[in-house]
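Chemist: So I've got this file, run.cif, and it contains mmCIF, C-alpha atoms:
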data_structure
loop_
_atom_site.label_atom_id
_atom_site.label_comp_id
_atom_site.auth_asym_id
_atom_site.auth_seq_id
_atom_site.Cartn_x
_atom_site.Cartn_y
_atom_site.Cartn_z
CA MET X 1413 68.59 187.43 145.21
CA SER X 1414 69.35 191.08 145.70
CA ALA X 1415 72.69 192.73 145.00
CA PRO X 1416 73.03 194.13 148.54
CA THR X 1417 72.75 190.58 149.89
CA LEU X 1418 75.52 189.40 147.61
CA ASP X 1419 77.70 192.32 148.74
CA ARG X 1420 77.57 191.24 152.39
CA MET X 1421 79.54 188.35 153.83
CA ASN X 1422 77.17 185.51 154.64
CA SER X 1423 77.26 183.50 157.87
CA GLN X 1424 79.34 180.70 156.39
CA GLU X 1425 81.95 183.15 155.10
CA LYS X 1426 82.15 184.87 158.48
CA ARG X 1427 82.50 181.54 160.27
CA ALA X 1428 85.15 180.37 157.82
CA ALA X 1429 87.11 183.61 158.13
CA ILE X 1430 87.07 183.62 161.94
CA SER X 1431 87.82 179.93 162.40
CA LEU X 1432 90.59 179.76 159.78
CA ALA X 1433 92.10 182.94 161.21
CA ALA X 1434 92.10 181.14 164.57
CA VAL X 1435 93.89 178.13 163.05
CA PHE X 1436 96.54 180.38 161.53
CA GLY X 1437 96.79 182.38 164.73
CA LEU X 1438 97.23 179.37 167.03
CA ARG X 1439 99.96 177.98 164.81
CA MET X 1440 101.74 181.25 164.21
CA LEU X 1441 101.64 182.33 167.86
CA GLY X 1442 103.95 179.48 168.75
CA LEU X 1443 106.32 180.36 165.92
CA PHE X 1444 106.37 184.06 166.74
CA LEU X 1445 107.00 183.46 170.45
CA ILE X 1446 110.37 182.05 169.43
CA LEU X 1447 111.60 184.99 167.35
CA PRO X 1448 112.22 187.71 169.99
CA VAL X 1449 114.10 185.49 172.44
CA PHE X 1450 115.71 182.58 170.61
CA ALA X 1451 118.94 184.37 169.68
CA ILE X 1452 119.42 185.20 173.35
CA TYR X 1453 118.48 181.69 174.55
CA ALA X 1454 120.85 180.10 172.03
CA GLN X 1455 123.86 181.69 173.71
CA ASP X 1456 123.44 179.22 176.60
CA LEU X 1457 123.36 176.19 174.27
CA PRO X 1458 126.45 174.32 173.02
CA SER X 1459 127.57 176.08 169.81
CA GLY X 1460 124.84 178.67 170.39
CA HIS X 1461 127.28 181.59 170.13
CA ASP X 1462 127.69 180.90 166.40
CA VAL X 1463 125.34 183.43 164.79
CA ALA X 1464 125.29 181.35 161.60
CA LEU X 1465 123.85 178.37 163.53
CA VAL X 1466 121.33 180.67 165.19
CA GLY X 1467 120.23 181.79 161.74
CA ILE X 1468 119.93 178.18 160.60
CA ALA X 1469 117.80 177.34 163.66
CA LEU X 1470 115.49 180.26 162.94
CA GLY X 1471 115.27 179.45 159.24
CA ALA X 1472 115.23 175.63 159.40
CA TYR X 1473 111.46 175.71 159.76
CA GLY X 1474 111.27 177.24 156.31
CA LEU X 1475 113.42 174.54 154.70
CA THR X 1476 110.94 171.69 155.03
CA GLN X 1477 108.09 174.15 154.45
CA SER X 1478 109.62 175.01 151.08
CA PHE X 1479 109.88 171.34 150.12
CA LEU X 1480 106.40 170.34 151.25
CA GLN X 1481 104.04 173.27 150.62
CA ILE X 1482 103.46 172.26 147.00
CA ALA X 1483 102.85 168.65 148.01
CA TYR X 1484 100.38 169.71 150.71
CA GLY X 1485 98.58 172.09 148.35
CA ALA X 1486 98.28 169.44 145.65
CA ALA X 1487 97.23 166.83 148.20
CA SER X 1488 94.49 169.15 149.44
CA ASP X 1489 93.23 169.47 145.84
CA ARG X 1490 93.03 165.70 145.56
CA PHE X 1491 92.21 164.39 149.05
CA GLY X 1492 90.42 167.35 150.61
CA ARG X 1493 91.56 170.34 152.63
CA LYS X 1494 90.76 169.26 156.18
CA PRO X 1495 92.55 165.87 156.28
CA VAL X 1496 95.71 167.49 154.94
CA ILE X 1497 95.53 170.35 157.44
CA VAL X 1498 95.09 167.99 160.40
CA PHE X 1499 97.99 165.80 159.28
CA GLY X 1500 100.25 168.84 159.01
CA LEU X 1501 99.28 170.14 162.45
CA VAL X 1502 100.16 166.77 164.00
CA LEU X 1503 103.66 166.92 162.49
CA PHE X 1504 104.03 170.52 163.63
CA ALA X 1505 103.15 169.51 167.20
CA VAL X 1506 105.66 166.64 167.14
CA GLY X 1507 108.43 169.00 166.01
CA SER X 1508 107.55 171.45 168.77
CA PHE X 1509 107.89 168.76 171.45
CA VAL X 1510 111.22 167.60 169.97
CA ALA X 1511 112.57 171.15 170.17
CA ALA X 1512 111.27 171.44 173.74
CA SER X 1513 113.39 168.44 174.78
CA ALA X 1514 116.54 169.56 172.92
CA SER X 1515 119.81 169.88 174.84
CA ASP X 1516 121.84 171.58 172.09
CA ILE X 1517 121.23 173.84 169.13
CA TYR X 1518 121.51 170.97 166.66
CA MET X 1519 118.52 169.18 168.22
CA VAL X 1520 116.60 172.44 168.15
CA ILE X 1521 117.30 172.58 164.43
CA VAL X 1522 115.89 169.04 164.07
CA GLY X 1523 112.74 170.12 165.90
CA ARG X 1524 112.39 173.17 163.70
CA VAL X 1525 112.74 171.01 160.60
CA LEU X 1526 109.94 168.77 161.86
CA GLN X 1527 107.79 171.83 162.63
CA GLY X 1528 108.25 172.90 159.04
CA ALA X 1529 107.01 169.50 157.86
CA GLY X 1530 103.54 170.65 158.94
CA ALA X 1531 103.27 172.79 155.83
CA ILE X 1532 99.56 173.62 155.98
CA SER X 1533 99.48 177.24 154.83
CA ALA X 1534 98.56 176.42 151.23
CA ALA X 1535 95.77 174.07 152.26
CA VAL X 1536 94.34 176.58 154.76
CA THR X 1537 94.35 179.50 152.34
CA ALA X 1538 92.90 177.27 149.61
CA LEU X 1539 90.10 176.29 152.00
CA ALA X 1540 89.46 179.97 152.73
CA ALA X 1541 89.19 180.60 148.98
CA ASP X 1542 86.82 177.63 148.59
CA LEU X 1543 84.49 179.01 151.26
CA THR X 1544 84.52 182.66 150.15
CA ARG X 1545 83.17 184.59 147.18
CA GLU X 1546 85.77 186.64 145.33
CA GLN X 1547 84.28 190.00 146.29
CA HIS X 1548 85.01 189.13 149.93
CA LEU X 1549 88.27 187.26 149.47
CA THR X 1550 90.56 190.16 150.28
CA LYS X 1551 88.54 190.81 153.44
CA VAL X 1552 88.92 187.20 154.52
CA MET X 1553 92.63 187.18 153.73
CA ALA X 1554 92.96 190.48 155.57
CA MET X 1555 91.22 188.92 158.58
CA ILE X 1556 93.65 186.02 158.46
CA GLY X 1557 96.57 188.37 157.98
CA SER X 1558 95.34 190.58 160.81
CA SER X 1559 95.04 187.57 163.10
CA ILE X 1560 98.66 186.76 162.32
CA GLY X 1561 99.56 190.35 163.09
CA MET X 1562 97.60 190.25 166.33
CA VAL X 1563 99.28 187.09 167.56
CA PHE X 1564 102.57 188.61 166.48
CA ALA X 1565 101.82 191.53 168.77
CA VAL X 1566 100.83 189.17 171.59
CA SER X 1567 103.99 187.14 171.10
CA MET X 1568 106.18 190.23 171.22
CA VAL X 1569 104.73 191.08 174.62
CA ALA X 1570 104.40 187.54 175.96
CA ALA X 1571 107.68 186.02 174.73
CA PRO X 1572 110.04 187.86 177.10
CA LEU X 1573 107.71 187.17 180.05
CA LEU X 1574 107.25 183.50 179.15
CA PHE X 1575 110.98 183.16 178.59
CA VAL X 1576 111.62 184.34 182.14
CA HIS X 1577 109.00 182.04 183.70
CA ILE X 1578 108.96 178.82 181.63
CA GLY X 1579 112.08 179.14 179.49
CA MET X 1580 112.50 178.30 175.83
CA PRO X 1581 111.65 174.58 176.33
CA GLY X 1582 108.35 175.68 177.87
CA ILE X 1583 107.67 177.97 174.92
CA PHE X 1584 108.30 175.12 172.47
CA ALA X 1585 105.98 172.84 174.47
CA LEU X 1586 103.32 175.55 174.49
CA THR X 1587 103.69 175.76 170.71
CA GLY X 1588 102.90 172.06 170.43
CA GLY X 1589 99.83 172.45 172.64
CA LEU X 1590 98.54 175.31 170.51
CA ALA X 1591 98.88 173.13 167.39
CA LEU X 1592 96.74 170.46 169.02
CA LEU X 1593 94.13 173.09 169.87
CA ALA X 1594 94.14 174.17 166.21
CA ILE X 1595 93.27 170.60 165.20
CA PHE X 1596 90.13 170.82 167.34
CA VAL X 1597 89.16 174.08 165.60
CA VAL X 1598 89.63 172.52 162.15
CA LEU X 1599 87.51 169.47 162.96
CA ARG X 1600 84.74 171.09 164.99
CA VAL X 1601 84.46 174.75 163.97
CA VAL X 1602 85.65 175.29 160.37
CA PRO X 1603 82.81 174.77 157.82
CA ALA X 1604 82.98 171.83 155.45
CA ALA X 1605 84.61 172.64 152.13
CA PRO X 1606 82.35 172.74 149.05
CA ALA X 1607 82.96 170.45 146.10
CA VAL X 1608 85.47 172.05 143.73
CA PRO X 1609 86.40 170.70 140.28
CA ARG X 1610 89.79 168.98 140.42
CA GLN X 1611 92.25 168.06 137.72
CA PRO X 1612 95.48 166.03 137.68
CA THR X 1613 98.33 167.58 139.66
CA TRP X 1614 100.89 167.99 136.90
CA PRO X 1615 98.72 170.06 134.50
CA SER X 1616 97.80 172.30 137.46
CA PHE X 1617 101.45 173.02 138.22
CA VAL X 1618 102.32 173.64 134.59
CA GLU X 1619 99.47 176.15 134.46
CA VAL X 1620 100.54 177.82 137.70
CA LEU X 1621 104.26 177.99 136.89
CA ALA X 1622 103.58 179.43 133.44
CA ASN X 1623 101.58 182.36 134.85
CA ARG X 1624 103.77 185.46 135.00
CA GLN X 1625 101.43 187.28 137.35
CA LEU X 1626 101.68 184.46 139.88
CA LEU X 1627 105.46 184.36 139.47
CA ARG X 1628 105.67 188.05 140.39
CA LEU X 1629 103.73 187.42 143.58
CA ASN X 1630 105.84 184.38 144.38
CA PHE X 1631 109.03 186.39 144.14
CA GLY X 1632 107.49 189.06 146.34
CA VAL X 1633 106.56 186.73 149.17
CA PHE X 1634 110.03 185.16 149.00
CA ALA X 1635 111.70 188.55 149.38
CA LEU X 1636 109.31 189.68 152.12
CA HIS X 1637 109.89 186.69 154.37
CA LEU X 1638 113.62 186.62 153.69
CA MET X 1639 113.79 190.17 155.04
CA LEU X 1640 111.59 189.26 158.01
CA THR X 1641 113.75 186.38 159.20
CA ALA X 1642 117.04 188.16 158.49
CA MET X 1643 115.82 191.08 160.60
CA TRP X 1644 115.24 188.83 163.62
CA VAL X 1645 118.79 187.51 163.42
CA LEU X 1646 119.94 191.05 164.24
CA LEU X 1647 117.18 192.97 165.98
CA PRO X 1648 116.98 191.38 169.48
CA SER X 1649 120.70 191.85 170.12
CA LYS X 1650 120.63 195.31 168.54
CA LEU X 1651 117.89 196.43 170.92
CA ILE X 1652 120.12 195.37 173.81
CA THR X 1653 123.47 196.71 172.59
CA THR X 1654 122.44 199.81 170.64
CA GLY X 1655 119.09 200.59 172.20
CA GLY X 1656 120.09 199.76 175.76
CA LEU X 1657 116.84 197.82 176.32
CA PRO X 1658 116.89 194.54 178.31
CA VAL X 1659 115.08 191.60 176.74
CA ALA X 1660 112.23 191.66 179.26
CA GLU X 1661 111.33 195.15 178.00
CA HIS X 1662 111.52 194.57 174.24
CA TRP X 1663 107.73 194.44 174.10
CA LYS X 1664 107.74 198.18 174.76
CA ILE X 1665 109.07 198.59 171.22
CA TYR X 1666 107.25 195.74 169.49
CA LEU X 1667 103.74 196.39 170.75
CA PRO X 1668 103.44 200.12 169.89
CA ALA X 1669 105.04 199.47 166.50
CA LEU X 1670 102.48 196.78 165.68
CA LEU X 1671 99.50 198.77 166.94
CA VAL X 1672 100.46 201.79 164.85
CA SER X 1673 100.93 199.54 161.82
CA PHE X 1674 97.40 198.15 162.22
CA VAL X 1675 95.95 201.65 162.41
CA ILE X 1676 97.55 202.42 159.05
CA MET X 1677 97.03 199.00 157.43
CA VAL X 1678 93.26 198.71 157.89
CA PRO X 1679 92.24 201.91 156.02
CA ALA X 1680 94.84 201.14 153.36
CA ILE X 1681 93.22 197.75 152.67
CA ILE X 1682 89.73 199.29 152.68
CA ALA X 1683 90.81 201.98 150.20
CA ALA X 1684 92.47 199.39 147.97
CA GLU X 1685 89.25 197.37 147.82
CA ARG X 1686 86.60 200.07 147.76
CA PHE X 1687 88.23 202.55 145.39
CA GLY X 1688 90.13 200.17 143.11
CA ARG X 1689 93.55 201.29 144.33
CA MET X 1690 95.03 197.85 144.97
CA LYS X 1691 98.01 198.34 142.67
CA LEU X 1692 98.83 201.76 144.14
CA ILE X 1693 98.63 200.55 147.76
CA PHE X 1694 100.60 197.42 146.90
CA ASN X 1695 103.43 199.33 145.24
CA VAL X 1696 103.57 201.93 148.00
CA ALA X 1697 104.01 199.09 150.52
CA VAL X 1698 106.84 197.56 148.49
CA GLY X 1699 108.49 200.98 148.15
CA LEU X 1700 108.19 201.47 151.90
CA LEU X 1701 110.12 198.24 152.44
CA LEU X 1702 112.99 199.70 150.41
CA VAL X 1703 113.00 202.81 152.59
CA VAL X 1704 113.03 200.61 155.70
CA GLN X 1705 116.00 198.53 154.57
CA VAL X 1706 118.01 201.68 153.84
CA GLY X 1707 116.87 203.20 157.13
CA PHE X 1708 117.91 200.20 159.19
CA GLY X 1709 121.28 200.16 157.45
CA LEU X 1710 122.11 203.85 157.77
CA PHE X 1711 119.95 205.54 160.39
CA SER X 1712 119.06 203.00 163.10
CA THR X 1713 121.26 204.15 165.95
CA GLY X 1714 119.47 204.40 169.28
CA ILE X 1715 116.19 203.10 170.55
CA PHE X 1716 114.00 205.64 168.75
CA GLY X 1717 115.58 204.95 165.38
CA LEU X 1718 115.04 201.22 165.77
CA ALA X 1719 111.42 201.75 166.85
CA PHE X 1720 110.70 204.06 163.91
CA TRP X 1721 112.02 201.74 161.21
CA LEU X 1722 110.44 198.71 162.83
CA THR X 1723 107.04 200.44 162.78
CA LEU X 1724 107.36 201.23 159.08
CA PHE X 1725 108.41 197.64 158.39
CA PHE X 1726 105.28 196.32 160.11
CA VAL X 1727 103.08 198.72 158.10
CA ALA X 1728 104.45 197.42 154.80
CA PHE X 1729 104.56 193.80 155.97
CA ASN X 1730 100.94 193.71 157.17
CA ILE X 1731 99.59 195.28 153.97
CA LEU X 1732 101.49 192.86 151.76
CA GLU X 1733 100.72 189.87 153.96
CA ALA X 1734 96.99 190.60 153.62
CA THR X 1735 96.86 191.38 149.91
CA GLN X 1736 99.17 188.84 148.29
CA PRO X 1737 97.28 185.62 149.16
CA SER X 1738 94.06 187.26 147.96
CA LEU X 1739 95.67 188.13 144.64
CA ILE X 1740 96.99 184.57 144.27
CA SER X 1741 93.50 183.17 144.86
CA ARG X 1742 91.93 185.56 142.34
CA ILE X 1743 94.47 184.91 139.61
CA ALA X 1744 94.66 181.11 139.99
CA PRO X 1745 91.95 179.00 138.29
CA ALA X 1746 89.51 177.25 140.64
CA HIS X 1747 90.81 173.77 139.85
CA ALA X 1748 94.40 174.76 140.69
CA LYS X 1749 94.05 177.04 143.73
CA GLY X 1750 95.70 174.46 145.97
CA ALA X 1751 98.61 174.11 143.56
CA ALA X 1752 98.97 177.90 143.17
CA LEU X 1753 98.87 178.49 146.90
CA GLY X 1754 101.26 175.57 147.38
CA VAL X 1755 103.82 177.23 145.10
CA TYR X 1756 103.20 180.58 146.80
CA ASN X 1757 103.67 179.19 150.29
CA THR X 1758 106.72 177.22 149.14
CA THR X 1759 108.44 180.40 148.06
CA GLN X 1760 107.31 182.04 151.31
CA ALA X 1761 108.85 179.25 153.36
CA LEU X 1762 111.99 179.28 151.23
CA GLY X 1763 112.28 182.97 152.02
CA LEU X 1764 112.08 182.19 155.75
CA PHE X 1765 114.85 179.60 155.42
CA VAL X 1766 117.13 181.66 153.18
CA GLY X 1767 116.57 184.72 155.35
CA GLY X 1768 117.76 182.93 158.47
CA VAL X 1769 120.75 181.26 156.83
CA LEU X 1770 121.79 184.21 154.65
CA GLY X 1771 121.14 186.76 157.39
CA GLY X 1772 123.31 184.83 159.85
CA ALA X 1773 126.08 184.26 157.31
CA LEU X 1774 126.16 187.89 156.11
CA ALA X 1775 126.11 189.23 159.67
CA LYS X 1776 128.94 186.88 160.68
CA HIS X 1777 131.25 187.48 157.73
CA LEU X 1778 130.36 190.96 156.37
CA GLY X 1779 128.51 192.70 159.18
CA PRO X 1780 124.92 193.90 159.69
CA GLY X 1781 125.11 196.40 156.84
CA ALA X 1782 125.33 193.56 154.35
CA VAL X 1783 122.03 192.14 155.65
CA TRP X 1784 120.18 195.42 155.08
CA GLY X 1785 121.92 195.92 151.72
CA CYS X 1786 120.76 192.49 150.54
CA GLY X 1787 117.20 193.34 151.59
CA ALA X 1788 117.34 196.65 149.72
CA LEU X 1789 118.55 194.94 146.53
CA LEU X 1790 115.75 192.38 146.67
CA THR X 1791 113.19 195.14 147.20
CA VAL X 1792 114.41 197.07 144.16
CA ILE X 1793 113.91 193.94 142.04
CA TRP X 1794 110.48 193.36 143.57
CA LEU X 1795 109.40 196.95 142.93
CA SER X 1796 110.38 196.69 139.28
CA LEU X 1797 108.21 193.56 139.00
CA SER X 1798 105.22 194.89 140.92
CA THR X 1799 104.96 198.13 138.94
CA THR X 1800 104.47 196.13 135.73
CA MET X 1801 101.90 193.77 137.26
CA SER X 1802 98.26 193.76 136.18
CA MET X 1803 95.79 193.47 139.04
CA PRO X 1804 93.04 190.88 138.46
CA ALA X 1805 89.49 192.03 137.79
CA LEU X 1806 86.95 191.18 140.47
CA ARG X 1807 84.69 188.30 139.46
CA ARG X 1808 81.50 187.95 141.46
CA ARG X 1809 80.04 184.50 141.92
CA GLN X 1810 76.84 183.25 143.44
CA VAL X 1811 76.68 181.06 146.53
CA PRO X 1812 74.16 178.37 147.36
CA ALA X 1813 71.02 179.73 148.98
CA GLN X 1814 71.48 177.53 152.06
CA ALA X 1815 74.80 179.23 152.77
CA LEU X 1816 73.10 182.62 153.14
#
Show me, as structure tokens, the structure contained in the file I just sent.
Modeler:
Amino acid sequence: MSAPTLDRMNSQEKRAAISLAAVFGLRMLGLFLILPVFAIYAQDLPSGHDVALVGIALGAYGLTQSFLQIAYGAASDRFGRKPVIVFGLVLFAVGSFVAASASDIYMVIVGRVLQGAGAISAAVTALAADLTREQHLTKVMAMIGSSIGMVFAVSMVAAPLLFVHIGMPGIFALTGGLALLAIFVVLRVVPAAPAVPRQPTWPSFVEVLANRQLLRLNFGVFALHLMLTAMWVLLPSKLITTGGLPVAEHWKIYLPALLVSFVIMVPAIIAAERFGRMKLIFNVAVGLLLVVQVGFGLFSTGIFGLAFWLTLFFVAFNILEATQPSLISRIAPAHAKGAALGVYNTTQALGLFVGGVLGGALAKHLGPGAVWGCGALLTVIWLSLSTTMSMPALRRRQVPAQAL
């Protein structure tokens, strides 16, 4: 088998990347559609004027995610990836329909909690790692990350329009329908997972939790998603009050910011892979997050200031969102990938929850500046950890001939 053949993605890897990206995208589209408009919708609900409750509603999804990601990851190691993924998507759909029928913000919170019970991220990323050779893993994770970014862009444009035409209950119901469509993709399109050596759950977690490299990445994803959710507690209203932009036109800021971020993110990922500059690109992205938090806190008056800092945030976010799962998969041993990704996605979901709750509480009691200050402090800690991190060496492995 020639080296050039090994250096190309085979048909199974391409199919796995595209189909799993679709699963992530279908699920995340429904979640992202909520972000730009929920804080505005909540004002018409009983108790919806309480920004702390709005933050809880946005972050509640992450609470059950943080409790269940490890369990889902471990279950996928033991019972197989696909059954666990399908089960989680069913729960996610149920939660979406509960939120769609809610008459107050408390019932929305219940629906969001149920959505979070479909904690499939660890199982999906573990399946992607099972189906991909290491030399292509960052590409596959980048494809998945890019699909998330693409549906984020679509949601930023579509959410205000859908909100006007079908309302927030319609958006929640659409979210449930997309989850059901994702089940079809998992069962009929995603390739079957190869046999991977398993070991008892507890030794896997001990091994994962004792790995300092993995712990650095876990802290990073916690901080990243805390900042993401906290930002959405403030940004929609800020675009209206400071930027003078009605909600139906918010896409005019979101879409260009995301498109510019993709233009920058793609060559950055290619350079990191091709020229061995992963650590440099990674640390630059973390440093950029620090600049963004300071910029939002001190220099975000007016529509152009908000657009500028939001664009830089998306650049850093997309780079880190693509590279971190790949690094987790490379560092974790094969028999514990599900456990490692379960811990990783738990801390990610915990960041979503804490970001919503903490962002709402800080904004209510101390003002918006405290939200950006908290983000800056977390980024300083993250940067100190990432600069001392050792990037894993690339290990090439063969694939069965029939997969080529």
Chemist: Would you compute the distance between CA of Gly1688 in chain X and CA of Ile1740 in chain X? Give it in Å to one decimal.
Modeler: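 CA of Gly1688 in chain X sits 17.1 Å away from CA of Ile1740 in chain X.
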Chemist: Looking at all atoms listed in the file, which of X:Thr1587, X:Gln1760, X:Ser1796, X:Ser1649 is the one that sits closest to Ala1451 in chain X?
Modeler: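 For Ala1451 in chain X, the nearest of the given residues is X:Ser1649.
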Chemist: Please indicate the distance in Å from CA of Leu1526 in chain X to CA of Leu1732 in chain X, rounded to one decimal place.
Modeler: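 Separating CA of Leu1526 in chain X from CA of Leu1732 in chain X is a distance of 27.5 Å.
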Chemist: What does the PyMOL selection byres ((chain X and resi 1766-1782) around 9) select in this file, as an MDAnalysis selection string?
Modeler: chainID X and resid 1462:1472 1474:1475 1634:1635 1637:1646 1708:1710 1761:1765 1783:1787
Chemist: The PyMOL selection byres ((chain X and resi 1697-1707) around 9) - which residues does that actually catch in the file I just gave you? List them as JSON, numbers by chain.
Modeler: {"X": [1632, 1636, 1639, 1692, 1693, 1694, 1695, 1696, 1708, 1709, 1710, 1711, 1712, 1717, 1721, 1722, 1724, 1725, 1727, 1728, 1729, 1731, 1732, 1783, 1784, 1785, 1786, 1787, 1788, 1789, 1790, 1791, 1792, 1794, 1795, 1798]}
Chemist: Of the candidates X:Ile1560, X:Ala1535, X:Ile1676, X:Ala1541, which one gets nearest to Arg1490 in chain X if we count all atoms listed in the file?
Modeler: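 Smallest distance to Arg1490 in chain X is found for X:Ala1535.
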Chemist: Expressed in Å to a single decimal, how great is the separation between CA of Leu1626 in chain X and CA of Ala1751 in chain X?
Modeler: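 So the two atoms, CA of Leu1626 in chain X and CA of Ala1751 in chain X, lie 11.4 Å apart.
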Chemist: Nearest to Glu1661 in chain X: which of X:Ala1531, X:Arg1686, X:Leu1573, X:Phe1720 is it, counting all atoms listed in the file?
Modeler: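 Looking at the shortest contact to Glu1661 in chain X, the residue is X:Leu1573.
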Chemist: Return as a list in words the set of residues that the PyMOL selection byres ((chain X and resi 1438) around 9) yields on the displayed structure.
Modeler: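 So the PyMOL selection byres ((chain X and resi 1438) around 9) ends up selecting Ala1433, Ala1434, Val1435, Phe1436, Gly1437, Arg1439, Met1440, Leu1441, Gly1442, Ile1560, Val1563, Thr1587, Leu1590, Ala1591, Leu1593 and Ala1594 of chain X.
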Chemist: Could you dump the residues just selected with C-alpha atoms as a PDB file, in the coordinates of the input?
Modeler:
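Output (again12.pdb):
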ATOM      1  CA  ALA X1433      92.100 182.940 161.210  1.00  0.00           C
ATOM      2  CA  ALA X1434      92.100 181.140 164.570  1.00  0.00           C
ATOM      3  CA  VAL X1435      93.890 178.130 163.050  1.00  0.00           C
ATOM      4  CA  PHE X1436      96.540 180.380 161.530  1.00  0.00           C
ATOM      5  CA  GLY X1437      96.790 182.380 164.730  1.00  0.00           C
ATOM      6  CA  ARG X1439      99.960 177.980 164.810  1.00  0.00           C
ATOM      7  CA  MET X1440     101.740 181.250 164.210  1.00  0.00           C
ATOM      8  CA  LEU X1441     101.640 182.330 167.860  1.00  0.00           C
ATOM      9  CA  GLY X1442     103.950 179.480 168.750  1.00  0.00           C
ATOM     10  CA  ILE X1560      98.660 186.760 162.320  1.00  0.00           C
ATOM     11  CA  VAL X1563      99.280 187.090 167.560  1.00  0.00           C
ATOM     12  CA  THR X1587     103.690 175.760 170.710  1.00  0.00           C
ATOM     13  CA  LEU X1590      98.540 175.310 170.510  1.00  0.00           C
ATOM     14  CA  ALA X1591      98.880 173.130 167.390  1.00  0.00           C
ATOM     15  CA  LEU X1593      94.130 173.090 169.870  1.00  0.00           C
ATOM     16  CA  ALA X1594      94.140 174.170 166.210  1.00  0.00           C
TER      17      ALA X1594
END
Chemist: Out of X:Ile1793, X:Ala1570, X:Leu1753, X:Ala1514, which residue has the shortest atom-to-atom distance to Ala1483 in chain X when counting all atoms listed in the file?
Modeler: X:Leu1753
Chemist: Calculated over all atoms listed in the file, which of the candidates X:Leu1647, X:Met1553, X:Leu1599, X:Ile1517 has the smallest distance to Ser1459 in chain X?
Modeler: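 Comparing X:Leu1647, X:Met1553, X:Leu1599, X:Ile1517 against Ser1459 in chain X, the winner is X:Ile1517.
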Chemist: Determine the nearest neighbour of Arg1624 in chain X from the options X:Ala1454, X:Arg1600, X:Val1678, X:Ser1802, counting all atoms listed in the file.
Modeler: X:Ser1802
Chemist: Can you pull out every residue within 10 Å of Leu1543 in chain X, counting only C-alpha atoms, but drop anything in the same chain fewer than 3 positions away, and send it as a list in words?
Modeler: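 Result of the neighbour search: Gln1424, Glu1425, Lys1426, Arg1427, Ala1428, Ala1429, Thr1537, Ala1538, Leu1539, Ala1540, Glu1546, Leu1549, Val1552, Val1602, Pro1603, Ala1604, Ala1605, Pro1606, Val1811 and Ala1815 of chain X.
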